[in-house]
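Trainee: I have a structure here, written as structure tokens, and I will follow up with some questions on it.
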Amino acid sequence: MIKIENIQKSFGDNHILKGISTQFEKGKTNLIIGQSGSGKTVLMKCLLGLYEIDEGHIFFDQKDYQNLDADGKMDIRRELGMVFQGSALFDSMTVIENVSFPLKMFTDQSESEMQDRAAAVLKRVNLKQEAFKRFPDEISGGMQKRVAIARAIVMNPNYLFCDEPNSGLDPKSAMIIDNLIQEITQEYNITTVINTHDMNSVMEIGDKILFLKDGYKEWEGSNKEIFKTDNEAVSSFVYSSDLFKKVREVYLKS
Amino acid sequence: MKHLAAIGRYMIMLKEVFKKPTKKSIMKSLIYKEIDELIFGSLGIVIFISFFIGGVVAIQTALNLENPLIPKSLIGFATRQSVILEFAPTLTSIVLAGKIGSFITSSIGTMRVTEQIDALEVMGVNPLNYLVYPKIIALLMYPFIIAIAMYMGVLGGYSAINIAELSTSTDFIEGIRLDFDPYHVTYAFIKTIVFAFLLATIPSYHGYYMKGGALDVGKASTTAFVWTTIVIIVMNYVLTQLILG
């Protein structure tokens, strides 16, 4: 579980996060949504420790990240897995080398143990064995996302972060990736936080949705509640297309 | 003010490079990889440039020796001195600021643009130690390149003189041996070690702290080349004053 309290973050005079508080539950897919410039990416980078927050607290299962010493912060970091928007695979390494990289860095496993573990998680994300020895630029975007997910979960993290995990993918691949993330979240019982613009993801896997507007928390709830919300900002963002307006109407009627 | 801030950030970067070391077994393989790419990968161009520069220095010296009272052995002497003191350590370093420097900036810059550096950081790896430290260690072998450049420069001079029949081999070899001061080689290698450190760290700085997209990687590479060259030239002056002055 990740709990954030009154997070404030500014870059010079630009006040980005204005006192956000919420809680991301374990075993659930938590989505952060909002328009471009609403502070989603900054919030995620604060959670990942890539940005220092100006005020507030981030608790990783009761541990206050701000009050931890360097070693404590490092221990938390090793419990994080991250899937970047562009996958961020190391292009000088093969698929299996990318996945076994965190094992090489932080465990004392033998080469064969590392290979077995990497192969197991790659199979879990449904990647075919013939792709294991290929380099990232030799596989498709969807496969790259799977490899990125495999690399993120290879160390059995407690927290999984995904930045726009299905951007640049065709609708079918996007749905597969969404479902894969949800399955892994439940199977490994981890706290998953996803930064997304994709309304299909919101409808399909949004166990909890946090809607940001201009650096404030505008709304939070589940994908069931988002259909019924009367919050204007949420409605105009989520139901901006006719298709989703109709989906909402049908849902509310049923 | 902007440049002062950049110097400060460069110093902070250097401090970070030596903090939180990467696992020994991984670091060892990274160092071998960098030696292969930065040192052995540069040998071809260094041999080529040094050979022809040595040849040009010898020919120009020979063509300017019109006075029959000046011995022909001066051609070998001038070639040796020019190559050992300046052409091998300084000119080779400027050429490699283009080759090695732009490679380092573009490879680290691309990792920055494609979030690979963020990925390292999130995993709990110190990206600066992982990316820059092996380059610094690999470039400790840089004097090896410069020693080859010295040899090839003198060989180039010897070959050019013989091909153009501007002097005899005996005179040239006598000139090479004339008043040889081993301290000049020491001076050249001291310079080389400093230049190697600059070659590893300045392009790394420009790649690591770059912002933007693919186009900015190219711009960062150019900036890195310009600044590495400027700092090498300034340090060349400072070290010459300190060591030989």
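Residues are named by chain letter and number: chains run A, B, ... in the order of the structure tokens, numbers start at 1 in each chain, and ligands are numbered from 1 in the order shown.
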Give me the residues within 10 Å of Gly207 of chain B as a ChimeraX atom specification, counting only C-alpha atoms and dropping any in the same chain fewer than 5 places off.
Mentor: /B:101-113,201-202,216-218,220-221,223-224
Trainee: Taking the backbone alone, and naming residues the way the document does, which bits of segment 5-182 of chain A are alpha helix (DSSP H) by DSSP, as a compact mmCIF listing (two decimals) with C-alpha atoms, in the first residue's frame?
Mentor:
```txt
# COMPACT_ATOMS: atom_id res chain seq x y z
CA LYS A 40 0.60 13.08 -13.40
CA THR A 41 4.19 12.47 -14.50
CA VAL A 42 5.62 14.68 -11.75
CA LEU A 43 3.54 12.81 -9.15
CA MET A 44 4.81 9.47 -10.46
CA LYS A 45 8.42 10.67 -10.50
CA CYS A 46 7.99 11.87 -6.91
CA LEU A 47 6.69 8.43 -5.93
CA ALA A 70 20.00 6.60 2.35
CA ASP A 71 20.09 2.83 2.95
CA GLY A 72 16.40 2.76 3.87
CA LYS A 73 15.54 4.68 0.70
CA MET A 74 17.63 2.25 -1.31
CA ASP A 75 15.78 -0.70 0.24
CA ILE A 76 12.47 0.85 -0.82
CA ARG A 77 13.80 1.48 -4.33
CA VAL A 95 15.89 -9.36 -24.17
CA ILE A 96 17.01 -11.94 -21.62
CA GLU A 97 19.99 -9.82 -20.57
CA ASN A 98 17.65 -6.88 -19.98
CA VAL A 99 15.43 -8.98 -17.74
CA SER A 100 18.28 -10.59 -15.82
CA PHE A 101 20.05 -7.22 -15.36
CA PRO A 102 18.46 -6.41 -11.94
CA LEU A 103 19.30 -9.95 -10.77
CA LYS A 104 22.93 -9.50 -11.81
CA MET A 105 23.10 -6.16 -10.03
CA PHE A 106 21.45 -7.05 -6.76
CA GLU A 111 24.25 -17.51 -14.01
CA SER A 112 21.91 -20.49 -14.56
CA GLU A 113 19.59 -19.41 -11.73
CA MET A 114 19.37 -15.92 -13.22
CA GLN A 115 18.68 -17.31 -16.69
CA ASP A 116 15.95 -19.58 -15.31
CA ARG A 117 14.28 -16.76 -13.38
CA ALA A 118 14.45 -14.37 -16.36
CA ALA A 119 13.06 -17.05 -18.68
CA ALA A 120 10.24 -17.77 -16.21
CA VAL A 121 9.07 -14.15 -16.05
CA LEU A 122 9.41 -13.76 -19.81
CA LYS A 123 7.18 -16.79 -20.24
CA ARG A 124 4.78 -15.28 -17.69
CA GLY A 141 6.52 -2.36 -29.54
CA GLY A 142 4.08 -4.72 -27.81
CA MET A 143 6.85 -7.24 -27.18
CA GLN A 144 9.08 -4.47 -25.83
CA LYS A 145 6.35 -3.58 -23.32
CA ARG A 146 6.15 -7.22 -22.23
CA VAL A 147 9.92 -7.32 -21.75
CA ALA A 148 9.71 -4.07 -19.75
CA ILE A 149 7.00 -5.63 -17.55
CA ALA A 150 9.11 -8.78 -17.14
CA ARG A 151 12.13 -6.69 -16.11
CA ALA A 152 9.96 -4.75 -13.66
CA ILE A 153 8.67 -7.89 -11.91
CA PRO A 171 -5.97 -1.39 -29.49
CA LYS A 172 -5.63 -5.17 -29.23
CA SER A 173 -2.04 -5.09 -27.95
CA ALA A 174 -3.00 -2.27 -25.58
CA MET A 175 -5.78 -4.39 -24.11
CA ILE A 176 -3.43 -7.39 -23.75
CA ILE A 177 -0.90 -5.25 -21.88
CA ASP A 178 -3.63 -3.79 -19.63
CA ASN A 179 -4.93 -7.24 -18.77
CA LEU A 180 -1.42 -8.56 -18.21
CA ILE A 181 -0.68 -5.77 -15.73
CA GLN A 182 -3.94 -6.45 -13.90
```
Trainee: Counting only C-alpha atoms, figure out which residue out of B:Thr192, B:Thr114, B:Ser167, B:Asn67 gets nearest to chain A.
Mentor: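 Ranking B:Thr192, B:Thr114, B:Ser167, B:Asn67 by distance to chain A, first place goes to B:Thr114.
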Trainee: Among segment 111-252 of chain A, which ones does DSSP assign to strand (DSSP E) (computed from the backbone)? Answer as a PyMOL selection string.
Mentor: chain A and resi 159-163+191-195+208-213+216-221
Trainee: So that I have them on file, write out the residues from the current selection with N, CA and C atoms, as a PDB file, in the first residue's frame.
Mentor:
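part_33.pdb written:
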```
ATOM      1  N   TYR A 159       5.865  -2.923  -5.351  1.00  0.00           N
ATOM      2  CA  TYR A 159       5.163  -1.799  -5.977  1.00  0.00           C
ATOM      3  C   TYR A 159       5.542  -1.756  -7.466  1.00  0.00           C
ATOM      4  N   LEU A 160       4.524  -1.656  -8.303  1.00  0.00           N
ATOM      5  CA  LEU A 160       4.776  -1.599  -9.748  1.00  0.00           C
ATOM      6  C   LEU A 160       4.227  -0.283 -10.289  1.00  0.00           C
ATOM      7  N   PHE A 161       5.085   0.449 -10.986  1.00  0.00           N
ATOM      8  CA  PHE A 161       4.670   1.721 -11.579  1.00  0.00           C
ATOM      9  C   PHE A 161       4.728   1.595 -13.106  1.00  0.00           C
ATOM     10  N   CYS A 162       3.714   2.111 -13.772  1.00  0.00           N
ATOM     11  CA  CYS A 162       3.693   2.043 -15.237  1.00  0.00           C
ATOM     12  C   CYS A 162       3.336   3.424 -15.776  1.00  0.00           C
ATOM     13  N   ASP A 163       4.191   3.949 -16.634  1.00  0.00           N
ATOM     14  CA  ASP A 163       3.925   5.244 -17.240  1.00  0.00           C
ATOM     15  C   ASP A 163       3.408   5.011 -18.661  1.00  0.00           C
ATOM     16  N   THR A 191       1.189  -3.477  -5.270  1.00  0.00           N
ATOM     17  CA  THR A 191       0.498  -2.192  -5.430  1.00  0.00           C
ATOM     18  C   THR A 191       0.918  -1.625  -6.778  1.00  0.00           C
ATOM     19  N   THR A 192      -0.036  -1.506  -7.684  1.00  0.00           N
ATOM     20  CA  THR A 192       0.304  -1.030  -9.029  1.00  0.00           C
ATOM     21  C   THR A 192      -0.268   0.379  -9.242  1.00  0.00           C
ATOM     22  N   VAL A 193       0.586   1.262  -9.729  1.00  0.00           N
ATOM     23  CA  VAL A 193       0.155   2.636 -10.032  1.00  0.00           C
ATOM     24  C   VAL A 193       0.433   2.882 -11.511  1.00  0.00           C
ATOM     25  N   ILE A 194      -0.604   3.244 -12.244  1.00  0.00           N
ATOM     26  CA  ILE A 194      -0.463   3.440 -13.696  1.00  0.00           C
ATOM     27  C   ILE A 194      -0.841   4.873 -14.055  1.00  0.00           C
ATOM     28  N   ASN A 195       0.023   5.473 -14.817  1.00  0.00           N
ATOM     29  CA  ASN A 195      -0.220   6.807 -15.336  1.00  0.00           C
ATOM     30  C   ASN A 195      -0.763   6.630 -16.752  1.00  0.00           C
ATOM     31  N   LYS A 208      -8.896   1.673  -8.906  1.00  0.00           N
ATOM     32  CA  LYS A 208      -8.992   2.989  -8.283  1.00  0.00           C
ATOM     33  C   LYS A 208      -8.475   4.019  -9.274  1.00  0.00           C
ATOM     34  N   ILE A 209      -9.182   5.141  -9.381  1.00  0.00           N
ATOM     35  CA  ILE A 209      -8.779   6.184 -10.327  1.00  0.00           C
ATOM     36  C   ILE A 209      -8.591   7.492  -9.565  1.00  0.00           C
ATOM     37  N   LEU A 210      -7.430   8.101  -9.818  1.00  0.00           N
ATOM     38  CA  LEU A 210      -7.162   9.415  -9.220  1.00  0.00           C
ATOM     39  C   LEU A 210      -7.116  10.409 -10.371  1.00  0.00           C
ATOM     40  N   PHE A 211      -8.020  11.394 -10.328  1.00  0.00           N
ATOM     41  CA  PHE A 211      -8.074  12.377 -11.417  1.00  0.00           C
ATOM     42  C   PHE A 211      -7.420  13.680 -10.954  1.00  0.00           C
ATOM     43  N   LEU A 212      -6.384  14.102 -11.657  1.00  0.00           N
ATOM     44  CA  LEU A 212      -5.681  15.336 -11.302  1.00  0.00           C
ATOM     45  C   LEU A 212      -6.072  16.463 -12.247  1.00  0.00           C
ATOM     46  N   LYS A 213      -6.195  17.649 -11.672  1.00  0.00           N
ATOM     47  CA  LYS A 213      -6.456  18.823 -12.519  1.00  0.00           C
ATOM     48  C   LYS A 213      -5.643  20.001 -11.983  1.00  0.00           C
ATOM     49  N   TYR A 216      -4.068  19.678  -8.588  1.00  0.00           N
ATOM     50  CA  TYR A 216      -4.917  19.315  -7.444  1.00  0.00           C
ATOM     51  C   TYR A 216      -5.563  17.951  -7.691  1.00  0.00           C
ATOM     52  N   LYS A 217      -5.927  17.291  -6.588  1.00  0.00           N
ATOM     53  CA  LYS A 217      -6.737  16.077  -6.731  1.00  0.00           C
ATOM     54  C   LYS A 217      -8.181  16.541  -6.952  1.00  0.00           C
ATOM     55  N   GLU A 218      -8.691  16.276  -8.137  1.00  0.00           N
ATOM     56  CA  GLU A 218     -10.041  16.745  -8.468  1.00  0.00           C
ATOM     57  C   GLU A 218     -11.085  15.707  -8.061  1.00  0.00           C
ATOM     58  N   TRP A 219     -10.709  14.437  -8.245  1.00  0.00           N
ATOM     59  CA  TRP A 219     -11.690  13.365  -7.985  1.00  0.00           C
ATOM     60  C   TRP A 219     -10.958  12.057  -7.796  1.00  0.00           C
ATOM     61  N   GLU A 220     -11.540  11.151  -6.994  1.00  0.00           N
ATOM     62  CA  GLU A 220     -11.027   9.771  -6.959  1.00  0.00           C
ATOM     63  C   GLU A 220     -12.175   8.807  -6.744  1.00  0.00           C
ATOM     64  N   GLY A 221     -12.007   7.612  -7.286  1.00  0.00           N
ATOM     65  CA  GLY A 221     -13.059   6.596  -7.181  1.00  0.00           C
ATOM     66  C   GLY A 221     -12.697   5.414  -8.045  1.00  0.00           C
TER      67      GLY A 221
END
```
Trainee: Please determine, counting only C-alpha atoms, which residue among B:Val125, B:Val226, B:Ala200, B:Val231 has the shortest atom-to-atom distance to chain A.
Mentor: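 Result for the nearest residue to chain A: B:Val125.
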